[in-house]
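What's in input19.txt: compact mmCIF, C-alpha atoms
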```
# COMPACT_ATOMS: atom_id res chain seq x y z
CA MET A 19 -2.12 -61.05 13.07
CA SER A 20 -3.99 -57.86 13.98
CA ALA A 21 -5.73 -55.99 11.18
CA THR A 22 -4.05 -52.86 9.87
CA GLN A 23 -5.27 -49.47 11.08
CA ILE A 24 -4.09 -47.79 7.87
CA ILE A 25 -6.65 -46.72 5.26
CA THR A 26 -5.80 -46.20 1.60
CA THR A 27 -7.53 -43.94 -0.90
CA VAL A 28 -6.53 -46.04 -3.93
CA ASP A 29 -8.14 -49.21 -5.27
CA PHE A 30 -5.41 -51.73 -6.09
CA GLU A 31 -7.72 -53.66 -8.45
CA ARG A 32 -9.03 -50.74 -10.51
CA PRO A 33 -7.58 -50.36 -14.01
CA GLY A 34 -5.96 -47.07 -14.91
CA LYS A 35 -3.70 -44.65 -13.08
CA GLN A 36 -4.43 -43.49 -9.54
CA THR A 37 -2.59 -41.35 -7.01
CA GLY A 38 -3.56 -41.15 -3.38
CA VAL A 39 -2.35 -41.73 0.15
CA LEU A 40 -1.98 -44.24 2.92
CA ALA A 41 -3.67 -42.58 5.90
CA VAL A 42 -1.93 -43.53 9.15
CA PRO A 43 -3.84 -42.59 12.32
CA GLN A 44 -1.90 -40.63 14.92
CA SER A 45 -2.49 -38.81 18.18
CA THR A 46 -0.15 -35.94 19.06
CA ASN A 47 0.31 -33.25 21.68
CA THR A 48 -1.30 -30.71 19.36
CA SER A 49 -3.99 -32.90 17.80
CA GLY A 50 -5.77 -35.74 19.53
CA TRP A 51 -7.14 -36.94 16.21
CA ALA A 52 -4.49 -36.67 13.50
CA THR A 53 -3.40 -38.47 10.33
CA GLU A 54 0.00 -38.87 8.68
CA TYR A 55 -0.22 -39.25 4.90
CA ILE A 56 2.10 -41.49 2.88
CA PRO A 57 1.78 -40.90 -0.90
CA ILE A 58 1.04 -43.89 -3.11
CA ALA A 59 0.41 -44.42 -6.83
CA VAL A 60 -1.02 -47.39 -8.73
CA ILE A 61 -0.65 -47.77 -12.50
CA HIS A 62 -2.78 -50.72 -13.64
CA GLY A 63 -2.74 -51.83 -17.26
CA ALA A 64 -3.47 -55.11 -19.04
CA PRO A 65 -3.31 -58.32 -16.97
CA GLY A 66 0.18 -59.24 -15.78
CA PRO A 67 2.54 -59.29 -12.79
CA THR A 68 2.81 -56.65 -10.06
CA ALA A 69 5.86 -54.55 -9.20
CA LEU A 70 6.04 -52.82 -5.82
CA ILE A 71 8.63 -50.02 -5.66
CA PHE A 72 9.74 -48.00 -2.64
CA GLY A 73 11.85 -44.90 -2.13
CA GLY A 74 12.52 -42.99 1.06
CA ASN A 75 12.82 -45.96 3.41
CA HIS A 76 15.45 -43.76 5.08
CA GLY A 77 14.85 -40.03 5.22
CA ASP A 78 18.31 -38.84 4.16
CA GLU A 79 18.29 -40.82 0.90
CA TYR A 80 16.64 -38.82 -1.89
CA GLU A 81 17.52 -40.70 -5.09
CA GLY A 82 14.51 -43.00 -4.72
CA PRO A 83 11.92 -40.29 -4.00
CA VAL A 84 13.02 -38.06 -6.88
CA VAL A 85 13.18 -40.88 -9.44
CA LEU A 86 9.86 -42.40 -8.37
CA MET A 87 7.96 -39.09 -8.29
CA LYS A 88 9.14 -38.49 -11.87
CA LEU A 89 8.21 -42.05 -12.88
CA VAL A 90 4.65 -41.67 -11.56
CA ARG A 91 4.19 -38.46 -13.56
CA MET A 92 5.57 -40.12 -16.70
CA LEU A 93 3.78 -43.48 -16.70
CA LYS A 94 0.39 -44.15 -18.27
CA SER A 95 -1.71 -47.28 -17.82
CA GLU A 96 -1.19 -48.21 -21.48
CA ASP A 97 2.56 -48.41 -20.76
CA VAL A 98 1.96 -51.22 -18.27
CA ARG A 99 1.19 -54.91 -18.58
CA GLY A 100 0.20 -55.79 -15.03
CA ARG A 101 0.45 -53.31 -12.18
CA ILE A 102 3.04 -50.97 -10.69
CA ILE A 103 2.54 -49.80 -7.11
CA ILE A 104 4.85 -46.94 -6.17
CA ILE A 105 5.48 -45.43 -2.73
CA PRO A 106 8.08 -42.71 -3.34
CA MET A 107 8.45 -41.73 0.33
CA LEU A 108 7.76 -44.73 2.57
CA ASN A 109 9.12 -42.85 5.58
CA ARG A 110 7.67 -39.48 4.61
CA PRO A 111 8.15 -37.88 8.07
CA ALA A 112 11.89 -38.64 7.85
CA ILE A 113 12.10 -37.41 4.24
CA ALA A 114 10.54 -34.10 5.27
CA ALA A 115 12.93 -33.80 8.22
CA GLY A 116 16.05 -34.93 6.33
CA THR A 117 16.79 -37.56 8.98
CA ARG A 118 17.61 -41.25 8.59
CA LEU A 119 15.18 -42.26 11.33
CA SER A 120 11.57 -41.16 11.75
CA PRO A 121 11.32 -37.95 13.80
CA LEU A 122 7.95 -39.15 15.10
CA ASP A 123 9.10 -42.29 16.93
CA GLY A 124 12.89 -42.42 16.43
CA LYS A 125 12.70 -45.77 14.66
CA ASN A 126 14.56 -47.04 11.61
CA MET A 127 12.01 -48.15 9.00
CA ASN A 128 14.50 -50.71 7.71
CA ARG A 129 14.81 -52.46 11.08
CA VAL A 130 11.17 -52.97 12.12
CA PHE A 131 9.79 -55.46 9.55
CA PRO A 132 7.38 -57.24 9.59
CA GLY A 133 6.04 -54.44 11.82
CA ARG A 134 3.09 -54.26 14.23
CA ALA A 135 -0.50 -53.22 13.58
CA ASP A 136 -0.70 -51.62 17.04
CA GLY A 137 2.85 -50.27 17.16
CA THR A 138 4.40 -46.87 16.57
CA ILE A 139 3.90 -45.13 13.21
CA THR A 140 6.99 -46.74 11.67
CA GLU A 141 5.91 -50.20 12.85
CA MET A 142 2.37 -49.60 11.56
CA ILE A 143 3.64 -48.70 8.08
CA ALA A 144 5.92 -51.76 8.02
CA HIS A 145 3.00 -53.96 9.08
CA TYR A 146 0.86 -52.60 6.23
CA VAL A 147 3.62 -53.23 3.71
CA SER A 148 4.18 -56.79 5.01
CA ASN A 149 0.54 -57.81 5.23
CA VAL A 150 -1.25 -55.83 2.51
CA LEU A 151 1.30 -54.85 -0.15
CA PHE A 152 3.79 -57.73 -0.22
CA PRO A 153 1.07 -60.33 -0.93
CA LEU A 154 0.13 -58.34 -4.06
CA ALA A 155 3.68 -58.20 -5.43
CA ASP A 156 5.76 -60.41 -7.70
CA LEU A 157 8.70 -57.97 -7.85
CA VAL A 158 9.85 -55.72 -4.98
CA ILE A 159 12.36 -52.88 -5.42
CA ASP A 160 13.64 -50.86 -2.44
CA ILE A 161 15.82 -47.92 -3.55
CA HIS A 162 18.53 -46.86 -1.08
CA SER A 163 21.69 -44.77 -1.12
CA GLY A 164 24.39 -44.07 1.44
CA GLY A 165 22.63 -40.96 2.70
CA ARG A 166 24.76 -38.81 4.95
CA SER A 167 26.73 -41.64 6.49
CA ALA A 168 28.34 -43.62 3.63
CA HIS A 169 29.64 -43.39 0.09
CA PHE A 170 28.83 -46.41 -2.11
CA LEU A 171 29.94 -47.47 -5.52
CA PRO A 172 26.59 -47.69 -7.36
CA LEU A 173 25.18 -51.16 -6.80
CA VAL A 174 22.11 -53.36 -6.70
CA SER A 175 21.93 -55.48 -3.55
CA MET A 176 20.38 -58.65 -2.18
CA HIS A 177 20.95 -61.31 0.46
CA HIS A 178 22.35 -64.74 -0.38
CA VAL A 179 18.93 -66.40 -0.07
CA PRO A 180 18.87 -70.20 0.33
CA ASP A 181 16.45 -70.76 -2.59
CA ARG A 182 18.80 -71.06 -5.56
CA GLU A 183 16.14 -70.32 -8.18
CA GLN A 184 14.98 -67.24 -6.29
CA LEU A 185 18.60 -66.06 -6.05
CA ARG A 186 19.20 -66.68 -9.76
CA SER A 187 16.06 -64.71 -10.67
CA MET A 188 17.15 -61.81 -8.48
CA ILE A 189 20.63 -61.76 -10.00
CA ASP A 190 19.14 -61.81 -13.52
CA ALA A 191 16.94 -58.84 -12.61
CA ALA A 192 19.91 -57.04 -11.02
CA LEU A 193 21.95 -57.56 -14.20
CA ALA A 194 19.14 -55.90 -16.16
CA TRP A 195 19.45 -52.80 -13.96
CA GLY A 196 22.87 -51.99 -15.38
CA ALA A 197 24.63 -50.75 -12.24
CA PRO A 198 28.41 -51.25 -12.11
CA TYR A 199 28.12 -53.70 -9.20
CA ILE A 200 25.78 -56.27 -7.70
CA LEU A 201 26.39 -56.95 -4.00
CA LEU A 202 25.36 -59.94 -1.92
CA TYR A 203 25.53 -58.57 1.60
CA ARG A 204 25.26 -59.66 5.21
CA ASP A 205 23.12 -57.98 7.87
CA VAL A 206 25.53 -56.48 10.38
CA GLY A 207 23.37 -53.56 11.54
CA GLY A 208 20.44 -55.58 12.84
CA THR A 209 17.49 -57.51 11.43
CA GLY A 210 14.02 -56.41 10.30
CA LEU A 211 14.95 -55.14 6.82
CA LEU A 212 12.27 -54.54 4.20
CA PRO A 213 14.17 -56.50 1.50
CA GLY A 214 14.80 -59.35 3.94
CA GLU A 215 11.10 -59.71 4.69
CA ALA A 216 10.20 -59.62 0.99
CA GLU A 217 12.87 -62.23 0.23
CA ARG A 218 11.57 -64.41 3.09
CA MET A 219 8.14 -64.33 1.42
CA GLY A 220 9.71 -65.58 -1.81
CA LYS A 221 9.49 -62.32 -3.74
CA LEU A 222 11.95 -61.36 -6.46
CA THR A 223 13.59 -58.57 -4.43
CA LEU A 224 16.17 -55.92 -5.28
CA GLY A 225 17.71 -53.29 -3.06
CA THR A 226 20.15 -50.61 -4.16
CA GLU A 227 22.84 -48.31 -2.86
CA MET A 228 22.92 -45.44 -5.33
CA GLY A 229 25.73 -43.20 -4.15
CA SER A 230 25.20 -40.86 -1.19
CA ALA A 231 24.13 -37.35 -0.29
CA ALA A 232 27.45 -35.97 -1.52
CA GLN A 233 27.01 -37.73 -4.88
CA PHE A 234 23.39 -36.71 -5.51
CA GLY A 235 23.45 -35.49 -9.08
CA VAL A 236 22.66 -36.10 -12.72
CA ASP A 237 24.67 -39.29 -13.23
CA MET A 238 23.37 -41.07 -10.12
CA LEU A 239 19.75 -40.09 -10.76
CA THR A 240 20.04 -41.20 -14.40
CA LEU A 241 21.48 -44.57 -13.36
CA THR A 242 18.66 -45.04 -10.84
CA GLU A 243 15.87 -44.08 -13.24
CA ARG A 244 17.26 -46.13 -16.12
CA GLY A 245 17.76 -49.12 -13.83
CA VAL A 246 14.21 -49.14 -12.48
CA CYS A 247 12.80 -48.95 -16.00
CA ASN A 248 15.16 -51.67 -17.27
CA VAL A 249 14.06 -54.07 -14.51
CA LEU A 250 10.38 -53.33 -15.21
CA ARG A 251 10.94 -53.97 -18.91
CA GLN A 252 12.80 -57.21 -18.28
CA ALA A 253 9.88 -58.37 -16.09
CA GLY A 254 7.49 -57.60 -18.95
CA ILE A 255 5.65 -54.99 -16.88
CA LEU A 256 6.82 -51.85 -18.69
CA VAL A 257 6.11 -52.31 -22.38
CA ASP A 258 7.28 -49.03 -23.94
CA HIS A 259 10.41 -50.62 -25.45
CA ALA A 260 13.10 -53.24 -24.80
CA PRO A 261 15.61 -52.94 -21.94
CA ASP A 262 18.78 -50.96 -22.61
CA ARG A 263 21.37 -53.62 -23.45
CA THR A 264 24.15 -51.17 -24.37
CA ILE A 265 25.24 -50.78 -20.75
CA ALA A 266 28.44 -52.37 -19.41
CA PRO A 267 27.99 -55.69 -17.59
CA SER A 268 27.75 -55.61 -13.80
CA GLN A 269 30.36 -57.21 -11.57
CA ILE A 270 28.86 -59.51 -8.95
CA MET A 271 30.45 -59.10 -5.52
CA ILE A 272 29.91 -60.61 -2.08
CA ALA A 273 30.54 -59.29 1.41
CA ASP A 274 29.46 -62.24 3.54
CA GLN A 275 32.03 -62.18 6.34
CA TYR A 276 31.53 -60.14 9.49
CA ASP A 277 35.04 -58.70 9.13
CA ASP A 278 34.20 -57.36 5.66
CA TYR A 279 32.42 -54.57 7.56
CA ILE A 280 35.14 -52.54 9.29
CA MET A 281 33.93 -50.74 12.42
CA ALA A 282 35.60 -47.81 14.17
CA PRO A 283 37.62 -49.06 17.18
CA VAL A 284 37.49 -45.58 18.78
CA SER A 285 35.69 -42.27 18.28
CA GLY A 286 37.29 -39.36 16.45
CA ILE A 287 37.96 -38.01 12.94
CA PHE A 288 38.46 -40.74 10.34
CA GLU A 289 41.15 -40.14 7.71
CA PRO A 290 40.83 -42.63 4.81
CA PHE A 291 43.90 -43.97 3.02
CA PHE A 292 42.11 -45.43 -0.03
CA GLU A 293 39.69 -44.16 -2.63
CA MET A 294 36.53 -46.08 -3.53
CA GLY A 295 37.14 -49.03 -5.85
CA ALA A 296 40.63 -49.76 -4.51
CA TRP A 297 41.60 -53.36 -3.76
CA ILE A 298 42.73 -53.79 -0.15
CA ASP A 299 44.57 -56.80 1.26
CA ALA A 300 44.03 -58.14 4.76
CA GLY A 301 46.43 -56.42 7.13
CA GLN A 302 46.64 -53.19 5.15
CA THR A 303 45.72 -50.02 7.02
CA ILE A 304 42.54 -48.52 5.53
CA GLY A 305 42.89 -45.25 7.47
CA GLN A 306 43.38 -43.74 10.88
CA ILE A 307 41.28 -42.01 13.50
CA HIS A 308 42.43 -38.75 15.09
CA SER A 309 41.33 -38.04 18.64
CA VAL A 310 39.29 -34.90 19.27
CA GLU A 311 40.04 -34.95 23.00
CA GLN A 312 43.76 -35.71 22.63
CA PRO A 313 44.67 -34.04 19.30
CA PHE A 314 48.45 -34.46 19.66
CA TYR A 315 48.38 -38.17 20.47
CA ASP A 316 49.19 -40.57 17.64
CA PRO A 317 46.07 -41.53 15.67
CA VAL A 318 44.62 -45.04 15.95
CA THR A 319 45.22 -47.05 12.77
CA VAL A 320 42.46 -49.24 11.35
CA PRO A 321 43.51 -52.48 9.59
CA ALA A 322 41.56 -54.56 7.09
CA ARG A 323 40.89 -58.12 8.26
CA THR A 324 39.77 -59.48 4.89
CA ASP A 325 40.76 -58.93 1.26
CA GLY A 326 38.40 -57.02 -0.97
CA LEU A 327 37.32 -54.11 -3.11
CA LEU A 328 36.45 -50.96 -1.18
CA ILE A 329 32.78 -50.82 -2.14
CA SER A 330 31.64 -48.39 0.56
CA ARG A 331 33.35 -45.90 2.85
CA ARG A 332 32.33 -43.58 5.66
CA ALA A 333 31.14 -40.25 4.24
CA PHE A 334 31.06 -37.94 7.28
CA PRO A 335 34.56 -37.84 8.86
CA LEU A 336 33.45 -37.60 12.50
CA VAL A 337 32.84 -41.14 13.78
CA ARG A 338 31.78 -42.79 16.98
CA GLN A 339 33.20 -46.06 18.20
CA GLY A 340 31.37 -48.85 16.36
CA ASP A 341 30.43 -46.83 13.26
CA CYS A 342 31.03 -48.64 9.97
CA LEU A 343 34.08 -47.13 8.25
CA ALA A 344 34.30 -49.34 5.17
CA THR A 345 32.95 -52.44 3.43
CA LEU A 346 35.11 -54.84 1.44
CA ALA A 347 33.67 -57.20 -1.18
CA ARG A 348 35.07 -59.92 -3.42
CA PRO A 349 34.03 -61.19 -6.86
CA TRP A 350 31.43 -63.97 -6.74
CA SER A 351 29.62 -66.24 -9.17
CA LEU A 352 26.45 -68.27 -8.78
CA GLY A 353 28.00 -71.03 -10.87
```
Re-express the file's structure as C-alpha cells.
Amino acid sequence: MSATQIITTVDFERPGKQTGVLAVPQSTNTSGWATEYIPIAVIHGAPGPTALIFGGNHGDEYEGPVVLMKLVRMLKSEDVRGRIIIIPMLNRPAIAAGTRLSPLDGKNMNRVFPGRADGTITEMIAHYVSNVLFPLADLVIDIHSGGRSAHFLPLVSMHHVPDREQLRSMIDAALAWGAPYILLYRDVGGTGLLPGEAERMGKLTLGTEMGSAAQFGVDMLTLTERGVCNVLRQAGILVDHAPDRTIAPSQIMIADQYDDYIMAPVSGIFEPFFEMGAWIDAGQTIGQIHSVEQPFYDPVTVPARTDGLLISRRAFPLVRQGDCLATLARPWSLG
C-alpha cells in the first residue's frame, strides 16, 4: 500500500485538545502548488478507547458538520476517557459548494473506500481515513442525512455484518443513540462506503440518516447531537454524565431485499401517494410519475414489490429513470 501524501497538523498521541487540518496536496489551473485543508480535532483525555466521528461525507448533508463543530467547541480533555477524533467536514470542498459529490473531481466520497494514495483528492482522503485513522479507532460514527435527494425517518444505520458479536455491539450502540429507528440496509447504489470499510476492519460502526435538507431544524439537530453524546457515554469515552435513558426505544428494521429499494421506471415528476411511516403492502401503488415531455398522457404508476414501512422517500419531485423513489423496511430482531 502506497504511503499517504496527506500531512496533518495534529498529534494523535498528545494529551489535551487540539484543532488543526489535514493538508491534501493539489495542483490546479491557477496554482501549481496548492493545498486543500480538511479540518480535524483531537480531544485526548485519560487512557481509554478511541472514537472517530465524521460529518460532511456528502456535501449537501449539514446535520453532521453543524453538530460536530459545536461538539468540538464544547468538549474539554477532562470530559474524555480515551480519545475523540472529529472531522466535521470530510468532504469539505463539497460542503462549501453545497453539492453531494466533490466539485474538484466529481467523485462520491462514500463510494471510493478504501481509496488510493495516488488518486484524486477524494480517493486520497479516503485512503488516509482507511490507512491512518481507522487503525486508531474502536468506534466509528459517520453522520449522514438525506440531503437534497431523500427524506428519511430519523435512523441509525448499519450493514448486516456476518460477525454476530460485532453486529450485536453495533445494535447496542445504536439503541443508545435514541433515534426512532435502526436500519439494517443493503448497498444498492454501489460499493466503497466508509461504514462498510470500517465494518470490514471489525470496528464498531454506526451510520445515520438524520432527515434531509428540507427537515434541517431544531428537532433533527437536537436528535443528532444528543445521539452522538449518548453513544460516546455508553462507550465510556464521554464521562460528563450517564446516557439519556428517558428516550423512547428504537424500532429495529431491515431492508435487505433489492426490491425494498424502489427505482423510477421512467423520468418525470414523481407524485407520492403515501406519507413517511406508512405501511405499504406488495402490489400497492406508491405513487405515479408524470411525463414532462408528454404532459397529457396518463402517468406511469409505481408499485411496491415488497411489504414494508416507508422509511425513506424521494425529496425532490423531478426524477430520472433509475432514481430511488422509496425504501421499504420491515421489523427485525437479532434474536
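Across the model, the gap from atom CA of A:Glu227 to atom CA of A:Val320 is 24.2 Å.
Comparing the minimum interatomic distances between A:Gly254 and each of A:Ala41, A:Val147, A:Leu157, A:Ile24, counting all atoms listed in the file, we find that A:Leu157 sits nearest.
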Residues near A:Ala115, anyone? I mean within 12 Å using only C-alpha atoms, not counting same-chain ones fewer than 2 positions away, as a compact mmCIF listing (two decimals) with C-alpha atoms, in the coordinates of the input.
```txt
# COMPACT_ATOMS: atom_id res chain seq x y z
CA GLY A 74 12.52 -42.99 1.06
CA HIS A 76 15.45 -43.76 5.08
CA GLY A 77 14.85 -40.03 5.22
CA ASP A 78 18.31 -38.84 4.16
CA GLU A 79 18.29 -40.82 0.90
CA TYR A 80 16.64 -38.82 -1.89
CA ASN A 109 9.12 -42.85 5.58
CA ARG A 110 7.67 -39.48 4.61
CA PRO A 111 8.15 -37.88 8.07
CA ALA A 112 11.89 -38.64 7.85
CA ILE A 113 12.10 -37.41 4.24
CA THR A 117 16.79 -37.56 8.98
CA ARG A 118 17.61 -41.25 8.59
CA LEU A 119 15.18 -42.26 11.33
CA SER A 120 11.57 -41.16 11.75
CA PRO A 121 11.32 -37.95 13.80
CA LEU A 122 7.95 -39.15 15.10
CA GLY A 124 12.89 -42.42 16.43
```
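Of the listed residues A:Pro335, A:Gly286, A:Pro43, A:Pro313, the one whose atoms come nearest to A:Ile139 is A:Pro43, with distances taken using all atoms listed in the file.
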task: Might you pull out every residue within 7 Å of A:Lys221, with only C-alpha atoms counted and same-chain residues fewer than 5 positions away left off, and present them as a list of chain:residue names?
output: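 Those residues are A:Asp156, A:Leu157, A:Val158, A:Ala216.
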In terms of only C-alpha atoms, the residue from A:Ser351, A:Ser285, A:Thr68, A:Thr37 at minimal distance from A:Gln312 is A:Ser285
Using all atoms listed in the file, which residues sit within 6 Å of A:Thr226 once same-chain residues fewer than 5 positions away are excluded, as a list of chain:residue names? A:Ile161, A:His162, A:Leu173, A:Val174, A:Ser175
Residues as selected, C-alpha atoms, written as a PDB file, in the frame of the given file, can you do that?
```pdb
ATOM      1  CA  ILE A 161      15.820 -47.920  -3.550  1.00  0.00           C
ATOM      2  CA  HIS A 162      18.530 -46.860  -1.080  1.00  0.00           C
ATOM      3  CA  LEU A 173      25.180 -51.160  -6.800  1.00  0.00           C
ATOM      4  CA  VAL A 174      22.110 -53.360  -6.700  1.00  0.00           C
ATOM      5  CA  SER A 175      21.930 -55.480  -3.550  1.00  0.00           C
TER       6      SER A 175
END
```
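The spacing separating atom CA of A:Trp195 from atom CA of A:Ala266 amounts to 10.5 Å.
Of the listed residues (A:Pro267, A:Gly207, A:Pro317, A:Pro261), A:Pro267 comes nearest to A:Leu193; the distances count all atoms listed in the file.
In this structure, atom CA of A:Arg331 sits 9.2 Å away from atom CA of A:Leu171.
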message = Would you pick out the contacts of stretch 242-251 of chain A at 7 Å or less, using all atoms listed in the file, so that residues sharing its chain but fewer than 3 positions from it are not included, and give the list as a ChimeraX atom specification?
response = /A:85,191,194-196,228,238-239,254-257,260-262
A:Arg323 proximity check over A:Val206, A:Ala300, A:Met271, A:Ala52, using all atoms listed in the file: winner is A:Ala300
Can you pull out every residue within 12 Å of stretch 58-63 of chain A, counting all atoms listed in the file, but drop anything in the same chain fewer than 3 positions away, and send it as a VMD selection string?
chain A and resid 25 to 41 55 66 to 73 83 86 to 110 147 151 154 254 to 257
Among A:Leu212, A:Leu222, A:Ile329, A:Leu346, A:Ala168 is approached most closely, using all atoms listed in the file, by A:Ile329
**Asked** In file coordinates, which residues lie within 9 Å of (23.6, -59.2, 5.6) using all atoms listed in the file, given as a count of residues only?
**Response** 16
